[in-house]
Structure formats: C-alpha cells, structure tokens
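See below for the structure under consideration.
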Amino acid sequence: TRRTPRRPRRARPPFRTPRRPLARRRLVQRSPPKRSNMSHFHSPHAAELVATAKALAAPGKGILAADESTGTIGKRLGSIGVENTQANRQALRELLFTAPGFDKRCSGVIMFEETLGQSCADGVSFVNLLQKRGIIPGIKVDKGVTVIPGLESRGETTTAGMDGLEMRCADFYEKGARFAKWRGVLTIGPDGTGPSNLCLAENAEALARYAAICQKTGLVPIVEPEILTDGDHDVNVSQRVTERVLQCVFSKLHEHGVMLEGIILKPNMVTSGKDAKEQASVEVVAQKTVECLRRVVPPAVPGILFLSGGQSEADATAHLNAMNKKENPWTLSFSYGRALQASVLAAWRGDPANKEAAQKALLERAEANGKASMGEL
C-alpha cells in the first residue's frame, strides 16, 4: 500500500508573541445629568432676595413707578402748567410717598437716582420714610434706550447702562435700595412680525446680564421687556409676539444662572395695537394675557406686576381685575406710573392747597388696583 506523503509543516517563527489576557471591561462612570444653572445659585443674598421678591408680590399690593427721568417728569409737570424744577419734582414725590394709608396698597416704589437722594421737607430721607412705612425702596438703573447700529431704518433699540452697573448696584444697595428696574423696549412693526432676531437677542441678553448683576449685589431685579402698543395689529399678533419675547428672555435668564425665585417680571398686557380699528374686550385681553403667561413663565417666579403701557387708569384696572378672576400660579398685580399718577397730577396742579385732594386721588387708584390684584372688583 502506498503511503500518502505528509504535507510539510509551516516554518514557525523563531518566537511567538504571547497572547494578551482579555482586558476586563472597564466600568465607565457616567456623570450625572446637568442641572439647571439656577439650582447652583450661590449668594450670601439668596434668602434676602427671595424674601424681598415675595414682599414685593404681596397679595393686594403693587408697586408705584415713580422713576421718571428729569425729562419725562418735565413733560408731566408741563401738562399741568408746573415748571420742571428740582423743588417741584421733590414736592410731587413727597406728596406721593406721604399719602396716608398708601402703604396698605403699596409694596414698593421705583425711584429715579435723583429721588433716591432726596428728603422730605422735614429732613427725613425718602428712603427712610418708605422703610418706616413698610414700603421697599427701589431704583431705576438703566440709562435709557439707544438705536441698534444697522437697525436705524426699523427704529429698533437696546438699553444703555451696563458700564459700571455692578458698582452702581452695590452703591444703591448701601443707600437702602432693595430692588432695581431695567426696561427693554421692543416694537411689533407695521408688518406684524415683531422685533427682529437681532433686536430681541440684544434686549434679552441685556435683561439677563442686568438681573444676574443685581442678584449678585443683593437687589431683586424687575425684568421689564416692554412691547409697545404702537401699530394697528390685533390682539392675536400681540399674543404671538409677547410669547416669543418672553421665551427668549427666560432662556437668557437661565443661561446666566438667574434665580427665578428672586425676580419680579414686569411685562405688558396682551392688547390690540393702539391704532387697531377693533380693540379687544376686557375679557379677551385677560384671557390672551393669562394664556400667554402660562405658556412661557415658570411658576417659580413669585410675581408678575404689569406695566400700564399707556392704558387709561380705568382700562389698566379692569384688565388686571379680569385676569385675577382666573387661577394663576403667580401673583398678578400692578407696577403702574401714569395709571396711578394721572388723577394725582390733575388734582394737584402744583398748588400746596391741593395736596390733600391729590393724595385722596392716589389712594382711590391704589385701592382700586389693590382690589383688582385679587379679583375683588
């Protein structure tokens, strides 16, 4: 029998690389999910900020906006035939701040920088007077609006005042202020599209930076993105634009780590444009405004105190009352200027003899708005 020849073996390499033992699977430690910046808010003022914000949003009370610049108050005084002098400005503010019973409906007063340093005729500073009455002193910290380069044709603006803001806020805190206000101004425009993306981003960023700086220095920031009523747009356009603006603002507040429990929101109400042929009814304004806020404002915000936005005294009160007939997760109240002071100026007219009548007019408006903030009218 023939034997099958064996195949020649392959030549082995002079050495063989030893096999490495199978590496054990490493346990990958996954980092916990990122939390909101707001949960990491650390400040020696945190508890004070929350307490101040709650006090400003106290049920049945609101804020008097007496922060008109020298030029703006000059127009108000001029409308009643009173010269715009420091003495007359001081007299008007003293009339407002000393009104008997006003503290029952007023949680805070926003002042202009000039007013923060003024005193009553008897020498008591306005800050001390307000504090003794249980009214929280506040301060306007923005420097007014300026046109955004490249958007001159649209007339869109941003707000000045960021330079040196932290130092100024710290100084205002030392002088007795416990909250601040910064106003961003936006428009809807004739095409009904609302502010441009650039304008909205500029204003939202400024409001968020301001709010973060305020909280760092112990001041509760009033965040005021005002959409002007200029135009003939209907209430639905106003609602759409207001939602878009507030969404952007709260996104920026989140990015800057602002503690929402320590702010006050001061928005416009959702109304028709002032030149619209058909004005929305009181009930529609209330419905659209509350609907808008529920969609975009977190319930962590303690209070939403509306600006009057050029509304008449009666309309501003009626709209506020109708909104408070509904269930809301926040306090809905007022932070009015003209809607509290128009009747006061008409009664006063710069005559010291009319002081009592002017203060009575202020109390009537404050009482009506205080009740409206609880839906009791």
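Chain identifiers are assigned as A, B, and so on, following the order in which chains appear in the structure tokens; residues are numbered from 1 within each chain, and ligands are numbered from 1 in order of appearance.
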List as an NGL selection string the protein and nucleic acid residues near segment 67-78 of chain A, meaning an atom at most 7 Å away when only C-alpha atoms are counted, but skip any in the same chain fewer than 3 places from it.
:A and (81-84 or 110-112 or 140)
List every residue of segment 108-266 of chain A that DSSP, applied to the backbone of this structure, assigns to strand (DSSP E), and report them as number ranges by chain.
A: 108-111, 136-140, 145-147, 157-159, 179-186, 220-227, 264-265
Would you list the contacts of Val296 of chain A as an mmCIF file with C-alpha atoms, in the first residue's frame, taking every protein, DNA or RNA residue within 10 Å and counting only C-alpha atoms, but skipping same-chain residues closer than 6 positions in sequence?
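That gives us selection33.cif:
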```
data_model
loop_
_atom_site.group_PDB
_atom_site.id
_atom_site.type_symbol
_atom_site.label_atom_id
_atom_site.label_comp_id
_atom_site.auth_asym_id
_atom_site.auth_seq_id
_atom_site.Cartn_x
_atom_site.Cartn_y
_atom_site.Cartn_z
ATOM 1 C CA THR A 242 -45.256 88.577 23.570
ATOM 2 C CA GLU A 243 -44.827 84.802 23.855
ATOM 3 C CA ARG A 244 -41.781 84.899 21.580
ATOM 4 C CA VAL A 245 -40.190 87.738 23.549
ATOM 5 C CA LEU A 246 -40.768 86.155 26.963
ATOM 6 C CA GLN A 247 -39.463 82.772 25.768
ATOM 7 C CA CYS A 248 -36.220 84.400 24.678
ATOM 8 C CA VAL A 249 -35.886 86.412 27.901
ATOM 9 C CA PHE A 250 -36.348 83.382 30.160
ATOM 10 C CA SER A 251 -33.910 81.365 28.064
#
```
For segment 300-353 of chain A against segment 265-272 of chain A, with a cut-off of 12 Å and counting only C-alpha atoms, what is the closest atom pair and its distance in Å to one decimal for every residue that makes the cut, ordered by chain and number, as CSV?
```
residue,atom,partner,partner_atom,distance
A:Ala300,CA,A:Leu265,CA,11.3
A:Val301,CA,A:Leu265,CA,7.6
A:Pro302,CA,A:Leu265,CA,8.7
A:Gly303,CA,A:Leu265,CA,6.6
A:Ile304,CA,A:Leu265,CA,4.8
A:Leu305,CA,A:Lys266,CA,5.0
A:Phe306,CA,A:Lys266,CA,5.0
A:Leu307,CA,A:Asn268,CA,5.6
A:Ser308,CA,A:Asn268,CA,7.1
A:Gly309,CA,A:Asn268,CA,6.5
A:Gly310,CA,A:Asn268,CA,10.1
A:Gln311,CA,A:Thr271,CA,9.7
A:Asp315,CA,A:Thr271,CA,10.7
A:Ala316,CA,A:Met269,CA,9.0
A:Thr317,CA,A:Met269,CA,11.6
A:Ala318,CA,A:Met269,CA,11.8
A:His319,CA,A:Met269,CA,8.3
A:Leu320,CA,A:Met269,CA,9.0
A:Ala322,CA,A:Met269,CA,11.9
A:Met323,CA,A:Met269,CA,10.1
A:Trp330,CA,A:Leu265,CA,10.4
A:Thr331,CA,A:Leu265,CA,10.5
A:Leu332,CA,A:Leu265,CA,9.9
A:Ser333,CA,A:Lys266,CA,9.5
A:Phe334,CA,A:Lys266,CA,8.5
A:Ser335,CA,A:Lys266,CA,7.3
A:Tyr336,CA,A:Lys266,CA,10.0
```
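With distances restricted to only C-alpha atoms, A:Lys143 is the closest residue to Thr159 of chain A from A:Lys326, A:Lys181, A:Lys143, A:Arg294.
For the atom pair formed by atom CA of Pro221 of chain A and atom CA of Leu151 of chain A, the distance is 27.9 Å, given to one decimal.
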Excluding segment 340-342 of chain A and its own-chain neighbours fewer than 6 positions away, which residues fall within 7 Å of it when counting only C-alpha atoms? Please give them as a compact mmCIF listing (two decimals) with C-alpha atoms, in the first residue's frame.
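Result written to part_31.txt:
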```
# COMPACT_ATOMS: atom_id res chain seq x y z
CA GLU A 313 -56.46 104.26 34.52
CA LEU A 362 -53.84 108.47 44.67
CA ARG A 365 -56.48 104.46 42.36
CA ALA A 366 -54.26 102.39 44.67
```
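Distances here use only C-alpha atoms; by that measure, the residue among A:Glu291, A:Glu364, A:Asp163, A:Glu255 closest to Gln239 of chain A is A:Glu291.
Comparing A:Ala66, A:Leu200, A:Ala91, A:Val145 by their smallest distance to Ala339 of chain A, the closest is A:Ala66 (using only C-alpha atoms).
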Name the residues in contact with Leu363 of chain A at a cut-off of 12 Å, using only C-alpha atoms, excluding same-chain residues fewer than 2 positions from it; report them as JSON, numbers by chain.
{"A": [64, 95, 96, 97, 98, 99, 100, 101, 102, 103, 104, 105, 106, 340, 341, 343, 344, 356, 357, 358, 359, 360, 361, 365, 366, 367, 368, 369, 370]}
Hey, which of A:Val237, A:Ile263, A:Val258, A:Leu116 ends up closest to Ala212 of chain A? Count only C-alpha atoms.
A:Val258
Please report, as CSV, each residue of segment 133-191 of chain A lying at most 12 Å from segment 42-51 of chain A, together with the nearest pair of atoms and the separation in Å rounded to one decimal; use only C-alpha atoms, and order rows by chain and ascending residue number.
```
residue,atom,partner,partner_atom,distance
A:Ile136,CA,A:Ala51,CA,11.5
A:Tyr173,CA,A:His45,CA,11.4
A:Arg178,CA,A:Leu49,CA,8.5
A:Phe179,CA,A:Leu49,CA,8.8
A:Ala180,CA,A:Leu49,CA,11.7
```
So that I can see what lies close to Gly273 of chain A, please list as a PyMOL selection string the residues with an atom at most 7 Å from it, counting only C-alpha atoms and leaving out residues fewer than 5 positions away in the same chain.
chain A and resi 229-234
Out of segment 196-307 of chain A, which residues get alpha helix (DSSP H) from DSSP, as a ChimeraX atom specification?
/A:197-217,235-255,282-296
Output C-alpha atoms of each residue in that selection to a file, as a PDB file, in the first residue's frame.
```
ATOM      1  CA  ASN A 197     -33.951  88.481  15.864  1.00  0.00           C
ATOM      2  CA  LEU A 198     -31.010  90.809  16.497  1.00  0.00           C
ATOM      3  CA  CYS A 199     -33.084  93.297  18.485  1.00  0.00           C
ATOM      4  CA  LEU A 200     -34.696  90.564  20.562  1.00  0.00           C
ATOM      5  CA  ALA A 201     -31.368  88.872  21.288  1.00  0.00           C
ATOM      6  CA  GLU A 202     -29.754  92.190  22.289  1.00  0.00           C
ATOM      7  CA  ASN A 203     -32.533  93.102  24.718  1.00  0.00           C
ATOM      8  CA  ALA A 204     -32.916  89.623  26.218  1.00  0.00           C
ATOM      9  CA  GLU A 205     -29.173  89.370  26.807  1.00  0.00           C
ATOM     10  CA  ALA A 206     -29.081  92.807  28.455  1.00  0.00           C
ATOM     11  CA  LEU A 207     -32.013  91.973  30.747  1.00  0.00           C
ATOM     12  CA  ALA A 208     -30.386  88.696  31.800  1.00  0.00           C
ATOM     13  CA  ARG A 209     -26.972  90.249  32.472  1.00  0.00           C
ATOM     14  CA  TYR A 210     -28.594  93.043  34.463  1.00  0.00           C
ATOM     15  CA  ALA A 211     -30.615  90.518  36.501  1.00  0.00           C
ATOM     16  CA  ALA A 212     -27.530  88.447  37.322  1.00  0.00           C
ATOM     17  CA  ILE A 213     -25.592  91.543  38.407  1.00  0.00           C
ATOM     18  CA  CYS A 214     -28.480  92.728  40.585  1.00  0.00           C
ATOM     19  CA  GLN A 215     -28.764  89.410  42.400  1.00  0.00           C
ATOM     20  CA  LYS A 216     -25.009  89.339  42.948  1.00  0.00           C
ATOM     21  CA  THR A 217     -25.233  92.687  44.753  1.00  0.00           C
ATOM     22  CA  VAL A 235     -54.639  91.054  19.872  1.00  0.00           C
ATOM     23  CA  ASN A 236     -53.551  87.717  18.346  1.00  0.00           C
ATOM     24  CA  VAL A 237     -50.424  89.301  16.868  1.00  0.00           C
ATOM     25  CA  SER A 238     -49.692  90.870  20.243  1.00  0.00           C
ATOM     26  CA  GLN A 239     -50.006  87.497  21.954  1.00  0.00           C
ATOM     27  CA  ARG A 240     -47.720  85.745  19.470  1.00  0.00           C
ATOM     28  CA  VAL A 241     -45.013  88.401  19.768  1.00  0.00           C
ATOM     29  CA  THR A 242     -45.256  88.577  23.570  1.00  0.00           C
ATOM     30  CA  GLU A 243     -44.827  84.802  23.855  1.00  0.00           C
ATOM     31  CA  ARG A 244     -41.781  84.899  21.580  1.00  0.00           C
ATOM     32  CA  VAL A 245     -40.190  87.738  23.549  1.00  0.00           C
ATOM     33  CA  LEU A 246     -40.768  86.155  26.963  1.00  0.00           C
ATOM     34  CA  GLN A 247     -39.463  82.772  25.768  1.00  0.00           C
ATOM     35  CA  CYS A 248     -36.220  84.400  24.678  1.00  0.00           C
ATOM     36  CA  VAL A 249     -35.886  86.412  27.901  1.00  0.00           C
ATOM     37  CA  PHE A 250     -36.348  83.382  30.160  1.00  0.00           C
ATOM     38  CA  SER A 251     -33.910  81.365  28.064  1.00  0.00           C
ATOM     39  CA  LYS A 252     -31.267  84.033  28.659  1.00  0.00           C
ATOM     40  CA  LEU A 253     -32.117  84.272  32.374  1.00  0.00           C
ATOM     41  CA  HIS A 254     -31.499  80.533  32.564  1.00  0.00           C
ATOM     42  CA  GLU A 255     -28.159  80.823  30.741  1.00  0.00           C
ATOM     43  CA  VAL A 282     -61.559  93.355  28.697  1.00  0.00           C
ATOM     44  CA  GLU A 283     -62.291  89.624  28.860  1.00  0.00           C
ATOM     45  CA  VAL A 284     -60.294  88.874  25.697  1.00  0.00           C
ATOM     46  CA  VAL A 285     -57.298  90.871  26.960  1.00  0.00           C
ATOM     47  CA  ALA A 286     -57.407  88.960  30.249  1.00  0.00           C
ATOM     48  CA  GLN A 287     -57.750  85.591  28.523  1.00  0.00           C
ATOM     49  CA  LYS A 288     -54.961  86.195  25.983  1.00  0.00           C
ATOM     50  CA  THR A 289     -52.590  87.625  28.588  1.00  0.00           C
ATOM     51  CA  VAL A 290     -53.020  84.780  31.072  1.00  0.00           C
ATOM     52  CA  GLU A 291     -52.803  82.192  28.281  1.00  0.00           C
ATOM     53  CA  CYS A 292     -49.557  83.737  27.068  1.00  0.00           C
ATOM     54  CA  LEU A 293     -48.021  83.811  30.553  1.00  0.00           C
ATOM     55  CA  ARG A 294     -48.987  80.216  31.349  1.00  0.00           C
ATOM     56  CA  ARG A 295     -47.142  79.051  28.249  1.00  0.00           C
ATOM     57  CA  VAL A 296     -43.816  80.732  28.914  1.00  0.00           C
TER      58      VAL A 296
END
```
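Across A:Leu228, A:Val220, A:Glu166, A:Glu152, the tightest approach to Leu186 of chain A is made by A:Leu228 when counting only C-alpha atoms.
Relative to atom CA of Arg183 of chain A, atom CA of Pro299 of chain A is found at 22.0 Å.
Atom CA of Ser153 of chain A is positioned 13.8 Å from atom CA of Asp191 of chain A.
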